[in-house]
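Engineer: My structure is below; once you've seen it, I'll send some questions.
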Amino acid sequence: MHWMTVDGNNRRLGCTNTPATSTPFAGFGTDNPLRPPARASRASVAATATPTTTTTTTSTNAGTAIVVLSLLFAACATAPVQRSYPAPTADELLAALRARQLAAHSLNLETRTTSWLGGERVRGTVQMLVERGGNLRFEAEVSLQGTVAALAVHEGSFVFVDHQKKTFRQGQATPGDVASLIRIPLPAEAVAAILLGDVFLPEGSKPLDVGWDRGADVLHLQTPDGAELWLSLRRPAPLVAAWDVVAVAGQPAFARARWRVSYEDLQRIDGQSFPKLIRFAETGRDFDDGVEIKVRDRIVNPTLPAEAFLLAPPPGYLPQKPGG
């Protein structure tokens, strides 16, 4: 891996109807209004008032300016962003998603990952190998200690090794097992798709409708098991029928809450956009209590042998029961 530090804290001032890619996507019914400037207090207005005509005029002009600016900022905050191109069909967006998934099938990542596993904030360097089919390899590193934990998922089976406790677990890879190292309790295929910058879409999924929310087309889909997905795609060039994935939400069948993903600070590689920052929120929880993955380095579509996803527990390590 090449070492590369990425700072994704882009900031902007002023008002615009074009959302920045470095701003967390606030779609799927989340209210996030901009606030107009605070009004001047009565005490401050009274303190500037004097009996002279000139001061009264100045105070009046200043008050008028404040009102005008407040109205302008309020209008800017509430003005909806409209499409500058014809509304796409669900099939068109689905085809764009499928094309992206064919173009990006594997990753080699170096990340700075923060998660709140078990309510405890944990941050460290995590090396990741990812294949779209659900094969995963994570290795967590700590300064002066080296690799402290590793997780491998290969064709539906997992091995998790805790080098600090000298223990290991293995078996069929459930969402809880996949989340042993990074707190994303989803099937391995779904975790792989998130790291690749889009969403796992099982065969037989069907599009339901297309919405529009805060500058992005929202493709609403249903999977064969009754779960629902909302895929938010933003079109960077209005004259070109191409979309970047900026957010995903999923709601399991019979559930009332959704898990959410925000893709930020997009970087274009070989015609496809990849996020430098990925935020994940568990079902019914906030991003502040979830997982934050900052990508320091990325290799797209490396050739990864099957052996890369096989992990053998070191001699002398004690086995744990699944979920232990």
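The way I read the labels, and the way they are meant: chains A, B, ... in the order of the structure tokens, residue 1 as the first residue of every chain, and ligand 1 as the first ligand shown, with later ones counted on from there.
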Give me, as JSON lines, the closest atom pair and its distance (Å, one decimal) for every residue of range 150-203 of chain A within a cut-off of 9 Å of range 238-251 of chain A, counting only C-alpha atoms, rows sorted by chain and rising number.

Structural biologist:
```
{"residue": "A:Ile194", "atom": "CA", "partner": "A:Val248", "partner_atom": "CA", "distance": 8.7}
{"residue": "A:Gly197", "atom": "CA", "partner": "A:Val245", "partner_atom": "CA", "distance": 7.0}
{"residue": "A:Asp198", "atom": "CA", "partner": "A:Val245", "partner_atom": "CA", "distance": 6.2}
{"residue": "A:Val199", "atom": "CA", "partner": "A:Val248", "partner_atom": "CA", "distance": 7.0}
```

Engineer: What's around range 218-220 of chain A at 6 Å? Count only C-alpha atoms, leave out sequence neighbours fewer than 2 positions away in its own chain, and write the answer as a list in words.

Structural biologist: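 These residues fall inside the cut-off: Pro207, Leu208, Asp209, Val210, Gly211, Trp212, Leu229, Trp230, Leu231 and Ser232 of chain A.
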
Engineer: Name all residues at most 7 Å from Asp162 in chain A (count only C-alpha atoms; drop same-chain ones fewer than 6 positions away) and give them as a PyMOL selection string.

Structural biologist: chain A and resi 148-150+168

Engineer: Rank nothing, just name the residue among A:Arg123, A:Arg235, A:Arg83, A:Arg256 nearest to Arg183 in chain A, using only C-alpha atoms.

Structural biologist: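 Ranking A:Arg123, A:Arg235, A:Arg83, A:Arg256 by distance to Arg183 in chain A, first place goes to A:Arg123.
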
Engineer: DSSP on the backbone, alpha helix (DSSP H) only: what residues of range 192-282 of chain A does that give? Format it as a VMD selection string.

Structural biologist: chain A and resid 192 to 196
